[in-house]
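The structure appears right after this line, and notes come after that.
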Amino acid sequence: MIELSRNIICKKEKKYFEERGDYREILAKTLTSLYKKIFNPEEKCVNRIIDLIERLRHKRILDVGAGECDICVQMSKRFKIERYVRSDLSLKRLNKVRGKNIVNLVFDGLKHPIRSDTFDIVFSKCVMHHIDNKTKEAREHNRREFLLEQLRMVKKGGKLLCIDICNPTKNGIRGLLWHIIKYRWILGEEKHNFLETADAVTMLNDIGIKNIQQDEVETYKGKYFIVWGEK
């Protein structure tokens, strides 16, 4: 039997995000600004997500692993949001984003304190590669459990979206340098096992998602995949 280690991972990463020094954040933001100027100033991935959610015309949204990303604020400028819940391990990161109809929820572990069949859309951006383990079997199991928990909170007919950066080691020199310099050297993250688009499609199919669609978006830091389907 595979032992779930999601709680251990969460506690470890929660400490990492809460205690990470400000100087690391400043260096990381400086690198981000430099990368945007050199490669592509437009947030194509974020815009593609907003376009997709706007087209789906759903109003109750859960953003899993939201961190300090302000995509919810950008969405609210484009269309009306009835309720937007942002969940993350780090209160420090969540508190950097606030707004009307936006709720910040700190969670530590696999289970959210949210009723089943609550949201029209549940999505995670750049979270899957943080759910990692030493063995491939355990890693795939834990990622599947993570997706199943998201699916539990989606209403019947609602949408589940999985978004992440494609494997930077296969993503060209731009993505590789971004990962090594920013996340490994500056922010001090451990090496991760990334997914490809086909991997995400397979996982959503395995948990019973219907009408799966996929997209790939080139950004200033490499290629992202956006995979989504219906409960």
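In the structure tokens, chains take letters A, B, ... by order of appearance, with residues numbered from 1 within each chain and ligands from 1 in the order shown.
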
Next on the checklist: What parts of chain A does DSSP call alpha helix (DSSP H)? I'd like the answer as a ChimeraX atom specification.
Outcome noted: /A:6-19,22-38,44-56,71-78,91-94,136-152,172-178,197-206

Checklist entry - Which residue, A:Asn104, A:Lys155, A:Ser87, A:Met203, has the smallest gap to A:His141 when you use only C-alpha atoms? => result A:Met203

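From atom CA of A:Tyr84 back to atom CA of A:Leu151, the distance works out to 16.5 Å.
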
Item to check | Selected residue, from A:Leu204, A:Leu110, A:Cys45, A:Ile181, that lies nearest to A:Gly222 when counting only C-alpha atoms | outcome: A:Cys45

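Atom pair atom CA of A:Ile180 / atom CA of A:Ala28 has a distance of 11.7 Å (rounded to one decimal).
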
Next on the checklist: Need to verify the contact set: A:Ile50, 7 Å, only C-alpha atoms, exclusion of same-chain residues closer than 4 positions in sequence. Can you return it as a list in words?
Outcome noted: Val46, Glu54 and Met75 of chain A

Would you put the residues from that selection into a file with N, CA and C atoms, as a tab-separated table (two decimals), in the first residue's frame?
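Writing done, so here's result33.tsv:
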```
chain	number	residue	atom	x	y	z
A	46	VAL	N	-1.85	33.60	-18.24
A	46	VAL	CA	-2.91	34.16	-17.39
A	46	VAL	C	-4.08	34.64	-18.24
A	54	GLU	N	-13.95	32.98	-18.66
A	54	GLU	CA	-14.99	33.92	-19.09
A	54	GLU	C	-15.91	33.26	-20.11
A	75	MET	N	-9.51	38.92	-13.33
A	75	MET	CA	-10.80	38.37	-13.78
A	75	MET	C	-11.94	39.31	-13.44
```

Next on the checklist: Based on the backbone DSSP call, show me all residues of stretch 93-230 of chain A assigned strand (DSSP E or B), as a PyMOL selection string.
Outcome noted: chain A and resi 102-106+119-125+154-165+210-219+222-230

Checklist outcome for this item: Judged by only C-alpha atoms, the minimum distance to A:Phe79 among A:Ile209, A:Ile163, A:Ile53, A:Ile131 is found for A:Ile53

Next on the checklist: Please determine, counting only C-alpha atoms, which residue among A:Cys69, A:Asp120, A:Thr197, A:Ser90 has the shortest atom-to-atom distance to A:Arg57.
Outcome noted: A:Asp120

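Among the candidate residues A:His58, A:Arg24, A:Arg144, A:Arg115, the one lying nearest to A:Met128 is A:Arg144, with distances computed using only C-alpha atoms.
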
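Minimum distance to A:Ile121 across A:Lys191, A:Lys37, A:Arg83, A:Lys223 (counting only C-alpha atoms) occurs at A:Arg83.
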
Next on the checklist: Could you list, as number ranges by chain, every residue within 8 Å of stretch 99-102 of chain A, counting only C-alpha atoms and ignoring same-chain residues fewer than 2 positions away?
Outcome noted: A: 72-73, 81-86, 97, 104

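Going from atom CA of A:Val122 to atom CA of A:Ile71 covers 13.7 Å.
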
At a cut-off of 12 Å, using only C-alpha atoms, what residues contact A:Thr202? Leave out same-chain residues fewer than 4 positions from it and give the result as a JSON list (two decimals) with C-alpha atoms, in the first residue's frame.
```json
[["chain", "number", "residue", "atom", "x", "y", "z"],
["A", 140, "GLU", "CA", 1.42, 9.54, -9.41],
["A", 143, "ARG", "CA", -1.20, 13.65, -7.69],
["A", 144, "ARG", "CA", -4.25, 11.62, -8.56],
["A", 147, "LEU", "CA", -7.03, 15.97, -8.45],
["A", 162, "CYS", "CA", -5.06, 21.69, -14.52],
["A", 195, "LEU", "CA", 4.52, 16.88, -16.26],
["A", 196, "GLU", "CA", 3.93, 17.13, -19.98],
["A", 197, "THR", "CA", 0.58, 17.99, -21.55],
["A", 198, "ALA", "CA", -0.14, 14.33, -22.33],
["A", 206, "ASP", "CA", -8.18, 8.45, -15.23],
["A", 207, "ILE", "CA", -10.30, 10.28, -12.63],
["A", 208, "GLY", "CA", -13.35, 10.33, -14.87],
["A", 209, "ILE", "CA", -13.28, 13.81, -16.40],
["A", 210, "LYS", "CA", -15.35, 14.08, -19.60],
["A", 212, "ILE", "CA", -11.19, 16.77, -22.05],
["A", 213, "GLN", "CA", -9.57, 19.58, -24.01],
["A", 214, "GLN", "CA", -6.03, 20.89, -24.02],
["A", 227, "VAL", "CA", -5.94, 20.91, -19.68],
["A", 228, "TRP", "CA", -9.61, 20.95, -18.70],
["A", 229, "GLY", "CA", -12.77, 18.91, -18.79]]
```
